[in-house]
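Next comes coords.txt, a file with compact mmCIF, C-alpha atoms and all ligand atoms.
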# COMPACT_ATOMS: atom_id res chain seq x y z
CA MET A 1 106.80 123.73 80.66
CA TYR A 2 105.86 123.48 76.98
CA SER A 3 103.72 126.10 75.30
CA ARG A 4 101.87 125.79 71.97
CA ARG A 5 104.75 127.66 70.42
CA SER A 6 107.49 125.59 71.93
CA VAL A 7 106.29 122.47 70.15
CA LEU A 8 107.44 124.07 66.97
CA LEU A 9 110.96 124.28 68.29
CA ALA A 10 113.29 121.76 66.83
CA GLY A 11 116.36 120.22 68.38
CA VAL A 12 114.81 118.79 71.55
CA ALA A 13 116.35 115.47 72.61
CA PRO A 14 113.96 112.67 71.50
CA ALA A 15 113.27 111.49 75.05
CA LEU A 16 112.32 115.00 76.05
CA TRP A 17 109.98 115.62 73.16
CA PRO A 18 106.66 117.08 74.20
CA SER A 19 103.90 114.58 74.81
CA ARG A 20 101.32 113.84 72.10
CA ALA A 21 98.66 116.09 73.62
CA VAL A 22 101.15 118.95 73.76
CA ARG A 23 102.00 118.35 70.13
CA ARG A 24 98.28 118.52 69.40
CA GLY A 25 98.25 121.97 70.90
CA TYR A 26 97.10 121.47 74.51
CA SER A 27 99.03 123.29 77.20
CA TRP A 28 100.13 121.45 80.33
CA SER A 29 97.57 123.35 82.39
CA GLU A 30 94.84 122.19 80.02
CA ILE A 31 96.11 118.63 80.40
CA GLU A 32 96.08 118.97 84.17
CA ARG A 33 92.45 120.17 84.04
CA MET A 34 91.44 117.29 81.75
CA ILE A 35 92.97 114.81 84.18
CA ALA A 36 91.22 116.44 87.14
CA ARG A 37 87.87 116.27 85.30
CA GLY A 38 88.54 112.76 83.98
CA ASP A 39 87.94 114.20 80.51
CA VAL A 40 90.71 112.19 78.92
CA LYS A 41 89.20 109.76 76.42
CA GLY A 42 90.41 110.44 72.90
CA LYS A 43 92.62 113.24 74.18
CA LEU A 44 95.46 111.93 76.32
CA THR A 45 98.01 109.17 75.96
CA ARG A 46 100.42 107.54 78.39
CA ASP A 47 103.06 110.18 77.55
CA ASP A 48 100.85 112.96 78.83
CA LEU A 49 100.63 111.62 82.38
CA PRO A 50 102.63 113.15 85.19
CA THR A 51 104.80 110.55 86.92
CA PRO A 52 104.94 108.53 89.06
CA ALA A 53 101.53 107.34 87.89
CA LEU A 54 99.58 104.18 88.57
CA LEU A 55 98.43 102.61 85.29
CA LEU A 56 95.82 100.00 84.52
CA ASP A 57 95.97 98.08 81.26
CA LEU A 58 92.21 97.78 80.65
CA ASP A 59 92.45 94.91 78.17
CA ALA A 60 94.45 92.74 80.60
CA PHE A 61 92.24 93.81 83.53
CA GLU A 62 89.04 92.92 81.68
CA ARG A 63 90.47 89.54 80.67
CA ASN A 64 91.38 88.86 84.33
CA ILE A 65 87.86 89.73 85.47
CA ALA A 66 86.29 87.56 82.78
CA ARG A 67 88.58 84.62 83.50
CA MET A 68 87.77 84.53 87.22
CA ALA A 69 84.05 85.12 86.60
CA GLU A 70 84.01 82.24 84.16
CA HIS A 71 85.83 80.00 86.64
CA ALA A 72 83.29 80.84 89.35
CA ARG A 73 80.40 80.17 86.98
CA ARG A 74 81.79 76.87 85.78
CA SER A 75 82.55 75.67 89.29
CA GLY A 76 79.18 76.83 90.64
CA ARG A 77 80.73 79.21 93.20
CA ARG A 78 79.66 82.72 94.10
CA LEU A 79 82.32 85.37 93.70
CA ARG A 80 82.75 88.24 96.17
CA PRO A 81 86.16 89.73 95.26
CA HIS A 82 88.10 91.54 97.96
CA ALA A 83 88.20 95.32 97.51
CA LYS A 84 91.24 95.71 99.77
CA THR A 85 93.16 95.23 96.52
CA HIS A 86 91.65 98.05 94.49
CA LYS A 87 89.75 100.38 96.88
CA CYS A 88 88.00 101.74 93.81
CA PRO A 89 84.19 101.91 93.30
CA GLU A 90 84.46 101.73 89.47
CA ILE A 91 86.27 98.43 89.84
CA ALA A 92 83.73 97.05 92.32
CA ARG A 93 81.02 97.93 89.78
CA ALA A 94 82.91 96.25 86.94
CA LEU A 95 83.25 93.08 89.03
CA ILE A 96 79.55 93.08 89.90
CA ARG A 97 78.64 93.62 86.24
CA ALA A 98 80.70 90.50 85.50
CA GLY A 99 78.67 88.47 88.00
CA ALA A 100 80.16 89.08 91.47
CA VAL A 101 77.55 88.95 94.26
CA GLY A 102 79.13 91.86 96.12
CA THR A 103 82.38 93.14 97.54
CA CYS A 104 84.51 92.17 100.51
CA THR A 105 86.15 95.01 102.38
CA ALA A 106 88.86 94.77 105.01
CA LYS A 107 87.60 97.54 107.26
CA ILE A 108 84.42 99.46 108.01
CA SER A 109 85.77 102.75 106.65
CA GLU A 110 86.52 101.01 103.35
CA ALA A 111 82.99 99.57 103.27
CA GLU A 112 81.53 103.04 103.96
CA VAL A 113 83.08 104.34 100.75
CA PHE A 114 81.64 101.50 98.67
CA ALA A 115 78.21 101.93 100.28
CA GLU A 116 78.33 105.68 99.47
CA HIS A 117 78.91 104.66 95.85
CA GLY A 118 75.90 102.37 95.85
CA ILE A 119 77.73 99.04 96.04
CA SER A 120 75.69 96.37 97.81
CA GLY A 121 76.56 92.88 99.03
CA LEU A 122 79.32 94.12 101.33
CA LEU A 123 81.15 91.66 103.56
CA VAL A 124 83.41 93.38 106.09
CA THR A 125 86.09 90.80 106.84
CA SER A 126 87.43 92.37 110.08
CA ALA A 127 85.36 92.36 113.26
CA PRO A 128 83.74 95.63 114.42
CA VAL A 129 85.31 95.65 117.88
CA GLY A 130 84.95 98.67 120.17
CA ARG A 131 82.21 101.25 120.69
CA HIS A 132 83.14 103.48 117.76
CA ARG A 133 83.27 100.63 115.25
CA ILE A 134 79.97 99.25 116.50
CA GLU A 135 78.34 102.64 115.99
CA ARG A 136 79.82 102.83 112.50
CA ALA A 137 78.61 99.29 111.76
CA LEU A 138 75.07 100.35 112.64
CA ARG A 139 75.34 103.47 110.50
CA LEU A 140 76.65 101.40 107.60
CA ALA A 141 73.92 98.78 107.99
CA ARG A 142 71.30 101.55 107.96
CA ARG A 143 72.63 102.68 104.60
CA ALA A 144 73.39 99.20 103.18
CA PRO A 145 71.19 96.71 105.09
CA ASP A 146 72.56 93.59 103.39
CA THR A 147 76.08 94.28 104.73
CA VAL A 148 77.58 91.35 106.65
CA PHE A 149 80.04 91.88 109.52
CA CYS A 150 82.50 89.22 110.63
CA VAL A 151 82.83 88.36 114.32
CA ASP A 152 84.95 85.85 116.21
CA ASP A 153 84.02 86.60 119.80
CA ALA A 154 80.91 86.00 121.92
CA GLY A 155 81.24 89.30 123.83
CA ASN A 156 81.48 91.25 120.57
CA ALA A 157 78.41 89.43 119.20
CA ARG A 158 76.47 90.33 122.38
CA GLU A 159 77.52 94.00 122.12
CA LEU A 160 76.46 94.13 118.48
CA SER A 161 73.13 92.52 119.31
CA GLU A 162 72.55 94.99 122.16
CA ALA A 163 73.47 98.00 120.02
CA ALA A 164 71.28 96.77 117.16
CA ARG A 165 68.35 96.23 119.54
CA ALA A 166 68.74 99.76 120.91
CA SER A 167 68.61 101.08 117.35
CA ARG A 168 65.75 98.75 116.35
CA MET A 169 67.85 97.16 113.63
CA THR A 170 69.08 93.72 112.68
CA LEU A 171 72.73 93.13 111.83
CA ASN A 172 73.99 90.29 109.62
CA LEU A 173 76.91 88.50 111.24
CA ALA A 174 79.30 85.97 109.75
CA ILE A 175 81.62 83.96 111.96
CA GLU A 176 85.25 84.26 111.08
CA LEU A 177 87.04 80.93 111.49
CA LEU A 178 90.71 80.68 112.37
CA VAL A 179 92.10 78.90 109.33
CA GLY A 180 95.10 81.15 108.71
CA GLN A 181 97.42 82.81 111.19
CA ARG A 182 95.43 85.92 111.78
CA SER A 183 92.06 86.24 113.44
CA GLY A 184 89.02 84.05 113.85
CA ILE A 185 87.51 81.63 116.33
CA ALA A 186 88.75 78.04 116.49
CA CYS A 187 86.93 75.66 114.18
CA GLY A 188 84.65 72.98 115.64
CA ARG A 189 82.90 73.35 119.01
CA PRO A 190 83.93 76.98 119.78
CA ALA A 191 82.56 78.12 116.41
CA LEU A 192 79.39 76.06 116.86
CA GLU A 193 78.78 77.67 120.26
CA LEU A 194 79.23 81.14 118.74
CA ALA A 195 76.76 80.27 115.96
CA GLN A 196 74.26 79.05 118.58
CA LEU A 197 74.71 82.27 120.53
CA ILE A 198 74.15 84.44 117.44
CA ASP A 199 71.13 82.32 116.60
CA ARG A 200 69.66 83.01 120.07
CA LEU A 201 70.53 86.70 120.33
CA PRO A 202 67.97 89.30 119.26
CA ASN A 203 68.63 91.72 116.41
CA VAL A 204 71.50 89.76 114.86
CA ARG A 205 71.22 87.13 112.15
CA PHE A 206 73.71 84.38 111.40
CA ALA A 207 74.66 84.94 107.75
CA GLY A 208 77.50 82.53 107.02
CA LEU A 209 81.13 81.58 107.61
CA GLN A 210 84.29 83.47 106.69
CA ALA A 211 87.49 81.43 106.32
CA TYR A 212 90.51 83.05 104.67
CA SER A 213 93.76 81.15 104.77
CA GLY A 214 96.34 83.85 103.99
CA PRO A 215 99.31 81.52 104.49
CA SER A 216 98.00 79.19 101.76
CA SER A 217 97.79 81.91 99.13
CA HIS A 218 101.50 82.27 98.38
CA VAL A 219 102.77 78.74 98.94
CA VAL A 220 105.23 78.12 96.11
CA GLY A 221 104.30 75.29 93.75
CA PHE A 222 100.76 74.35 92.83
CA GLU A 223 100.69 70.92 94.50
CA ALA A 224 102.18 72.25 97.75
CA ARG A 225 99.66 75.10 97.70
CA ARG A 226 96.83 72.72 97.05
CA LYS A 227 97.81 70.53 100.02
CA HIS A 228 98.20 73.59 102.28
CA SER A 229 94.83 75.06 101.37
CA ILE A 230 92.92 71.78 101.62
CA GLU A 231 94.42 71.17 105.07
CA ALA A 232 93.52 74.70 106.15
CA MET A 233 89.98 74.69 104.73
CA THR A 234 88.89 71.17 105.73
CA PRO A 235 88.22 72.10 109.39
CA ALA A 236 86.16 75.07 108.14
CA VAL A 237 83.99 72.81 106.00
CA GLU A 238 83.61 70.37 108.92
CA THR A 239 82.56 73.27 111.12
CA ARG A 240 79.93 74.22 108.57
CA ARG A 241 78.55 70.67 108.69
CA LEU A 242 78.57 70.75 112.51
CA ILE A 243 76.60 74.00 112.57
CA GLU A 244 74.14 72.75 109.96
CA SER A 245 73.63 69.47 111.77
CA SER A 246 72.72 71.43 114.90
CA GLY A 247 69.77 72.83 112.95
CA ILE A 248 71.23 76.28 112.18
CA GLU A 249 71.16 77.24 108.54
CA CYS A 250 74.55 78.29 107.13
CA ALA A 251 73.96 80.05 103.84
CA TRP A 252 77.59 80.20 102.74
CA LEU A 253 81.22 79.59 103.52
CA SER A 254 83.43 82.24 101.92
CA GLY A 255 87.20 82.08 101.45
CA GLY A 256 90.00 81.68 98.99
CA SER A 257 92.53 83.93 97.32
CA THR A 258 94.16 84.51 93.96
CA GLY A 259 96.63 81.74 94.79
CA THR A 260 94.00 79.17 95.81
CA TYR A 261 90.84 80.06 93.86
CA ASN A 262 91.02 76.93 91.69
CA ILE A 263 91.85 74.76 94.70
CA ASP A 264 89.17 76.03 97.08
CA SER A 265 86.49 75.87 94.38
CA GLU A 266 87.01 72.09 94.34
CA ILE A 267 86.38 71.77 98.06
CA ASP A 268 82.83 70.70 98.73
CA GLY A 269 81.27 73.15 101.18
CA VAL A 270 83.24 76.24 100.11
CA ASP A 271 80.65 78.01 98.04
CA GLU A 272 81.99 81.54 97.81
CA LEU A 273 85.39 82.81 96.62
CA GLN A 274 86.89 86.14 97.68
CA PRO A 275 90.14 86.64 95.75
CA GLY A 276 91.46 90.15 95.27
CA SER A 277 94.86 90.43 93.57
CA TYR A 278 93.92 88.57 90.39
CA ILE A 279 92.46 91.71 88.83
CA PHE A 280 95.92 93.39 88.87
CA MET A 281 98.50 90.69 89.71
CA ASP A 282 101.95 91.48 91.06
CA ILE A 283 105.45 90.03 91.06
CA ASP A 284 104.89 88.37 94.42
CA TYR A 285 102.11 86.32 92.86
CA ASN A 286 103.95 85.70 89.58
CA ILE A 287 106.66 83.82 91.45
CA ILE A 288 104.48 81.32 93.33
CA GLY A 289 104.22 79.01 90.33
CA GLY A 290 101.12 77.89 88.50
CA ARG A 291 99.51 74.61 87.61
CA GLY A 292 101.60 74.39 84.46
CA GLY A 293 104.99 75.79 85.47
CA GLU A 294 107.24 78.01 87.52
CA VAL A 295 105.47 81.27 86.73
CA TYR A 296 101.92 81.82 87.85
CA GLU A 297 100.21 82.97 84.69
CA ASP A 298 96.50 82.37 85.29
CA PHE A 299 96.06 86.15 85.32
CA GLU A 300 97.92 88.97 83.59
CA ASN A 301 99.83 91.89 85.08
CA SER A 302 97.44 94.74 84.42
CA LEU A 303 98.85 97.14 87.02
CA THR A 304 102.07 99.10 86.54
CA VAL A 305 103.74 102.23 87.85
CA LEU A 306 104.96 104.67 85.22
CA ALA A 307 108.14 106.55 86.14
CA THR A 308 110.48 108.97 84.37
CA VAL A 309 114.26 108.83 84.10
CA TYR A 310 115.18 112.18 85.56
CA SER A 311 118.92 111.77 85.94
CA LYS A 312 121.65 109.86 84.08
CA PRO A 313 124.73 110.18 86.29
CA SER A 314 126.62 107.69 84.11
CA ARG A 315 126.13 105.53 81.02
CA ASP A 316 125.06 102.50 83.05
CA VAL A 317 122.92 104.22 85.65
CA ALA A 318 119.49 105.78 85.36
CA ILE A 319 117.68 107.39 88.27
CA VAL A 320 113.88 107.28 88.14
CA ASP A 321 111.37 109.38 90.04
CA ALA A 322 109.71 106.43 91.82
CA GLY A 323 111.02 105.15 95.13
CA LEU A 324 109.71 104.02 98.50
CA LYS A 325 106.65 106.28 98.23
CA SER A 326 105.65 104.83 94.86
CA PHE A 327 105.78 101.08 95.53
CA ALA A 328 104.93 98.93 98.51
CA THR A 329 108.18 97.72 100.01
CA ASP A 330 107.03 94.81 102.13
CA ARG A 331 108.21 92.05 99.78
CA LYS A 332 111.69 90.66 99.14
CA VAL A 333 111.40 91.45 95.43
CA GLY A 334 111.64 94.98 94.06
CA PRO A 335 109.82 96.60 91.12
CA ALA A 336 110.69 95.22 87.66
CA PRO A 337 110.92 97.43 84.55
CA LYS A 338 108.45 95.86 82.14
CA ASP A 339 110.29 96.30 78.87
CA LEU A 340 113.82 96.12 80.27
CA PRO A 341 114.02 92.45 81.28
CA GLY A 342 116.90 91.65 83.60
CA VAL A 343 117.58 95.30 84.49
CA PRO A 344 117.72 95.48 88.30
CA TYR A 345 115.98 98.25 90.21
CA SER A 346 117.25 99.28 93.62
CA TRP A 347 115.66 101.59 96.17
CA LEU A 348 117.26 105.00 96.37
CA GLY A 349 115.19 106.60 99.07
CA ASP A 350 111.66 107.94 99.36
CA GLU A 351 111.30 109.43 95.91
CA HIS A 352 113.92 107.70 93.79
CA GLY A 353 115.06 104.41 92.39
CA LYS A 354 118.15 103.33 90.51
CA LEU A 355 118.36 101.20 87.37
CA ASP A 356 121.57 99.34 86.70
CA LEU A 357 121.77 99.43 82.92
CA ALA A 358 124.95 97.37 82.49
CA ARG A 359 122.96 94.60 80.81
CA ALA A 360 120.10 96.68 79.45
CA PRO A 361 118.71 95.44 76.12
CA ARG A 362 118.42 99.00 74.84
CA GLU A 363 119.64 102.52 75.49
CA VAL A 364 117.86 104.43 78.26
CA LYS A 365 117.88 108.21 77.99
CA LEU A 366 117.07 111.13 80.20
CA GLY A 367 113.31 111.73 80.10
CA ASP A 368 112.46 108.14 79.09
CA ARG A 369 109.30 106.76 80.64
CA ILE A 370 109.71 103.35 82.26
CA GLU A 371 106.82 101.14 83.32
CA PHE A 372 107.32 98.90 86.34
CA LEU A 373 105.54 95.76 87.46
CA VAL A 374 104.81 96.14 91.17
CA PRO A 375 106.04 93.82 93.94
CA HIS A 376 102.74 93.82 95.90
CA CYS A 377 99.61 95.33 94.41
CA ASP A 378 97.32 96.07 97.41
CA PRO A 379 99.59 98.39 99.41
CA THR A 380 100.93 99.95 96.19
CA VAL A 381 97.43 101.00 95.10
CA ASN A 382 96.91 102.54 98.54
CA LEU A 383 99.74 105.01 97.75
CA TYR A 384 97.89 106.66 94.87
CA ASP A 385 94.85 108.89 94.48
CA HIS A 386 94.08 107.86 90.91
CA LEU A 387 94.33 104.97 88.54
CA TYR A 388 94.92 105.86 84.90
CA CYS A 389 93.09 103.38 82.71
CA LEU A 390 94.77 102.72 79.38
CA ARG A 391 93.58 101.08 76.18
CA GLY A 392 96.87 100.56 74.38
CA ASP A 393 98.60 103.93 74.70
CA ASN A 394 95.38 105.91 75.05
CA VAL A 395 94.14 107.03 78.43
CA GLU A 396 90.49 106.04 78.51
CA ALA A 397 89.52 107.00 82.05
CA VAL A 398 90.81 108.23 85.38
CA TRP A 399 89.39 106.30 88.33
CA ARG A 400 89.63 107.62 91.85
CA ILE A 401 90.97 105.25 94.46
CA ALA A 402 88.25 106.52 96.71
CA ALA A 403 88.91 104.21 99.66
CA ARG A 404 92.62 104.96 99.67
CA GLY A 405 93.84 105.28 103.27
CA MET A 406 90.57 103.93 104.68
CA ASN A 407 92.17 101.67 107.27
CA GLN A 408 89.91 102.30 110.24
C1 LIG B 501 90.14 88.24 104.21
C2 LIG B 501 90.78 88.22 102.88
N1 LIG B 501 90.14 87.64 101.85
C3 LIG B 501 90.65 87.61 100.61
C4 LIG B 501 91.88 88.21 100.33
C5 LIG B 501 92.36 88.21 98.90
O1 LIG B 501 93.57 87.64 98.72
P1 LIG B 501 94.40 87.84 97.36
O2 LIG B 501 94.59 89.31 97.17
O3 LIG B 501 95.66 87.14 97.67
O4 LIG B 501 93.60 87.23 96.29
C6 LIG B 501 92.58 88.81 101.37
C7 LIG B 501 93.92 89.41 101.13
O5 LIG B 501 94.70 89.72 101.99
C8 LIG B 501 92.04 88.83 102.67
O6 LIG B 501 92.65 89.44 103.70

Please, can you express the file's structure as structure tokens?
Ligand SMILES: Cc1ncc(COP(=O)(O)O)c(C=O)c1O
Amino acid sequence: MYSRRSVLLAGVAPALWPSRAVRRGYSWSEIERMIARGDVKGKLTRDDLPTPALLLDLDAFERNIARMAEHARRSGRRLRPHAKTHKCPEIARALIRAGAVGTCTAKISEAEVFAEHGISGLLVTSAPVGRHRIERALRLARRAPDTVFCVDDAGNARELSEAARASRMTLNLAIELLVGQRSGIACGRPALELAQLIDRLPNVRFAGLQAYSGPSSHVVGFEARRKHSIEAMTPAVETRRLIESSGIECAWLSGGSTGTYNIDSEIDGVDELQPGSYIFMDIDYNIIGGRGGEVYEDFENSLTVLATVYSKPSRDVAIVDAGLKSFATDRKVGPAPKDLPGVPYSWLGDEHGKLDLARAPREVKLGDRIEFLVPHCDPTVNLYDHLYCLRGDNVEAVWRIAARGMNQ
């Protein structure tokens, strides 16, 4: 640990030099307290952060938000970005400030956190099945009455109606359509019958249609992705028409992802987009290919993990302090060091990773800080308590990932 005095000591290896805040005279315990209070602006820089740390490049993040908001505006679509990506109330607020109509959440517990932070326009995209979830849905709706819950089953809709009647409330229900490989009721007649049931039942209101085609989102190549998404979403749009022609109003059909936002916004009848990853981006999205080429570059990589080289067993090997517990590991690709192009990272257990420096473009020393692009943003964010927001090298804010671990 560095003290005020130790910064005067010469002869420390460059990579192990004290951080800027330490050189300015702060002790590490003062830095820790600043981070805990979020009192960082104008005081801390990237070098002051303990690693592994999750970083957000605010300039890139703000450009991503603005780009998608502008696309939604120009294409006349509402935007309700999915919070499963960020789990962070500050980010939900930033998206709403930029024009989003609300926030999708994957689970009720996630939605509870956003409601506690005053976020409205919640759409819970998984069905509240089971007694406990139904009770939580009612509690959530009491706090945030415009919340919409997805359902795909008649029995579940009846239970929700009954529970809402007993509590003298009305719940907003959207029907989830099976357009991907996951959940949802079949498009066409089965969905129409569920809409008619919801329309008849007391204390529930038919709000709209949810149709997320996960398998379309990462189809490689723009034209192939376009074909996949149009094929997946067409039955959803037809179902909307069927419901409307039966005399039931369908206020919206929500769907889409970072991979298909500019495809789904051209489909007549899809009037709300719910992408998530675009705010951060990850390697898994970079490699799907964009409209103009092999790399998907509509949005910038704003999210990175900062790690430290803590061992140099040989000239060509560096061991960093970020392993399986610092990155999601569900994708074929591994983390990529941002300013060491072509340097492969390999997993070295829970806490460690290995860099093969044989073809490194520069020397890597003990104590160096390495920033990594992440393979898959959503589950990586869920591994961290805080997001350090940077403007250049300066830490501007510390945002709590308040819905981290909220998977119920
Ligand atoms: C229901 C739903 N909507 C939207 C999204 C956002 O997708 P993406 O992060 O690929 O933009 C997801 C992601 O898994 C999802 O599950």

- Query: Looking at all atoms listed in the file, which of A:Leu253, A:Ala83, A:Ala207, A:Ala174 is the one that sits closest to ligand LIG 501 (chain B)?
  - Reply: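 Of A:Leu253, A:Ala83, A:Ala207, A:Ala174, the one nearest ligand LIG 501 (chain B), counting all atoms listed in the file, is A:Ala83.
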
- Query: Which residue, A:Leu355, A:Val364, A:Val22, A:Met281, has the smallest gap to ligand LIG 501 (chain B) when you use only C-alpha atoms and all ligand atoms?
  - Reply: A:Met281

Write out as JSON lines a residue-level contact list of range 37-92 of chain A versus range 316-328 of chain A with cut-off 9 Å: for each qualifying residue the closest pair of atoms and the distance in Å to one decimal, counting all atoms listed in the file, rows sorted by chain and residue number upward.
{"residue": "A:Thr51", "atom": "CA", "partner": "A:Asp321", "partner_atom": "CA", "distance": 7.4}
{"residue": "A:Pro52", "atom": "CA", "partner": "A:Ala322", "partner_atom": "CA", "distance": 5.9}
{"residue": "A:Ala53", "atom": "CA", "partner": "A:Ser326", "partner_atom": "CA", "distance": 8.5}
{"residue": "A:Leu54", "atom": "CA", "partner": "A:Ser326", "partner_atom": "CA", "distance": 8.8}

Per-residue nearest contacts of chain A to ligand LIG 501 (chain B) (6 Å; all atoms listed in the file) as a Markdown table:
| residue | atom | partner | partner_atom | distance |
| --- | --- | --- | --- | --- |
| A:His82 | CA | B:LIG501 | C3 | 5.4 |
| A:Thr125 | CA | B:LIG501 | C1 | 5.5 |
| A:Tyr212 | CA | B:LIG501 | C1 | 5.2 |
| A:Ser217 | CA | B:LIG501 | O3 | 5.8 |
| A:Ser257 | CA | B:LIG501 | O4 | 3.6 |
| A:Thr258 | CA | B:LIG501 | O4 | 3.6 |
| A:Gln274 | CA | B:LIG501 | C3 | 5.0 |
| A:Pro275 | CA | B:LIG501 | O4 | 3.6 |
| A:Gly276 | CA | B:LIG501 | O2 | 3.8 |
| A:Ser277 | CA | B:LIG501 | O2 | 3.8 |

Build an axis-aligned box that encloses every atom of range 297-307 of chain A listed in the file, pad it by 8 Å on each side, and report its centre and edge lengths in Å to one decimal, as AutoDock Vina command-line options.
--center_x 102.1 --center_y 94.5 --center_z 85.7 --size_x 28.1 --size_y 40.2 --size_z 20.3

- Polymer residues at most 12 Å from (88.1, 93.8, 81.9) by only C-alpha atoms, as a PyMOL selection string: chain A and resi 56-69+90-98+278-280+299-300+302+389-391

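Using all atoms listed in the file, the shortest contact distance between Val395 in chain A and any of A:Arg158, A:Lys332, A:Lys87, A:Lys41 is found at A:Lys41.
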
- Kindly indicate which residue among A:Glu396, A:Ser161, A:Arg241, A:Gly184 lies nearest to Pro202 in chain A, using all atoms listed in the file for the distances.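 Residue with the minimum atom-to-atom distance to Pro202 in chain A: A:Ser161.
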
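Our summary of the geometry notes that CA of Val40 in chain A is positioned 16.4 Å from CA of Asp385 in chain A.
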
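When CA of Ala397 in chain A is paired with CA of Arg37 in chain A, their separation reads 10.0 Å.
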
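Of the listed residues A:Arg404, A:Arg133, A:Arg46, A:Arg291, the one whose atoms come nearest to Ala224 in chain A is A:Arg291, with distances taken using all atoms listed in the file.
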
- Message: Within 12 Å of (69.6, 81.7, 116.9) (file coordinates; only C-alpha atoms), which protein or nucleic acid residues are there? I'd like them as JSON, numbers by chain.
- Response: {"A": [157, 161, 173, 192, 193, 194, 195, 196, 197, 198, 199, 200, 201, 202, 203, 204, 205, 206, 207, 243, 246, 247, 248, 249, 250]}

- Item | Among listed residues A:Arg24, A:Val151, A:Thr304, A:Lys365, nearest Thr45 in chain A (using all atoms listed in the file) |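 Between A:Arg24, A:Val151, A:Thr304, A:Lys365, the residue approaching Thr45 in chain A most closely is A:Arg24.
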
Got a sec: who's within 9 Å of Pro379 in chain A, counting all atoms listed in the file, leaving out chain neighbours fewer than 2 positions off, as a CSV table (one decimal) with C-alpha atoms, in the coordinates of the input?
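So the final result, stored in result_36.csv, reads:
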chain,number,residue,atom,x,y,z
A,84,LYS,CA,91.2,95.7,99.8
A,85,THR,CA,93.2,95.2,96.5
A,327,PHE,CA,105.8,101.1,95.5
A,328,ALA,CA,104.9,98.9,98.5
A,329,THR,CA,108.2,97.7,100.0
A,330,ASP,CA,107.0,94.8,102.1
A,376,HIS,CA,102.7,93.8,95.9
A,377,CYS,CA,99.6,95.3,94.4
A,381,VAL,CA,97.4,101.0,95.1
A,382,ASN,CA,96.9,102.5,98.5
A,383,LEU,CA,99.7,105.0,97.8

- Query: Separation of CA of Gly76 in chain A and CA of Gly208 in chain A, in Å?
  - Reply: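 About the pair CA of Gly76 in chain A and CA of Gly208 in chain A: they are 17.4 Å apart.
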
- Task: Write out as a list in words each polymer residue whose atoms come within 10 Å of Ile263 in chain A, counting only C-alpha atoms; drop sequence neighbours fewer than 4 positions from it.
- Result: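 My list of contacting residues is Phe222, Glu223, Arg225, Arg226, Lys227, His228, Ser229, Ile230, Gly256, Ser257, Gly259 and Ile267 of chain A.
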
- Task: Considering only C-alpha atoms, return as JSON, numbers by chain whatever protein or nucleic-acid residues lie within 12 Å of Glu272 in chain A, sequence-local ones (same chain, fewer than 4 positions apart) excluded.
- Result: {"A": [69, 71, 72, 73, 75, 76, 77, 78, 79, 80, 81, 82, 100, 101, 102, 103, 104, 123, 208, 209, 210, 211, 212, 251, 252, 253, 254, 255, 256, 257, 261, 262, 264, 265, 266, 267, 268]}

- Item | Within 7 Å of Ala21 in chain A using only C-alpha atoms, minus same-chain residues under 6 positions, as a ChimeraX atom specification | /A:43-44,48

What would range 254-263 of chain A look like if you wrote it out as a CSV table (one decimal), in the first residue's frame, with N, CA and C atoms included, from the block I just posted?
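Result file decode.csv:
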chain,number,residue,atom,x,y,z
A,254,SER,N,-44.3,-5.3,-29.5
A,254,SER,CA,-43.0,-5.0,-29.1
A,254,SER,C,-42.0,-6.2,-29.4
A,255,GLY,N,-40.9,-5.9,-29.9
A,255,GLY,CA,-39.9,-6.9,-30.2
A,255,GLY,C,-38.6,-6.3,-30.7
A,256,GLY,N,-37.7,-7.2,-31.2
A,256,GLY,CA,-36.5,-6.7,-31.8
A,256,GLY,C,-35.3,-6.8,-30.8
A,257,SER,N,-34.1,-6.6,-31.4
A,257,SER,CA,-32.9,-6.8,-30.6
A,257,SER,C,-31.9,-5.9,-31.2
A,258,THR,N,-30.7,-5.8,-30.6
A,258,THR,CA,-29.6,-5.1,-31.2
A,258,THR,C,-29.2,-5.5,-32.6
A,259,GLY,N,-29.4,-6.8,-32.9
A,259,GLY,CA,-29.0,-7.4,-34.2
A,259,GLY,C,-30.1,-7.1,-35.2
A,260,THR,N,-31.4,-6.8,-34.8
A,260,THR,CA,-32.4,-6.7,-35.8
A,260,THR,C,-33.2,-5.4,-35.7
A,261,TYR,N,-32.7,-4.5,-34.9
A,261,TYR,CA,-33.5,-3.2,-34.7
A,261,TYR,C,-33.8,-2.5,-36.0
A,262,ASN,N,-32.9,-2.5,-37.0
A,262,ASN,CA,-33.1,-1.8,-38.2
A,262,ASN,C,-33.8,-2.6,-39.3
A,263,ILE,N,-34.1,-3.9,-38.9
A,263,ILE,CA,-34.9,-4.8,-39.7
A,263,ILE,C,-36.3,-4.7,-39.3
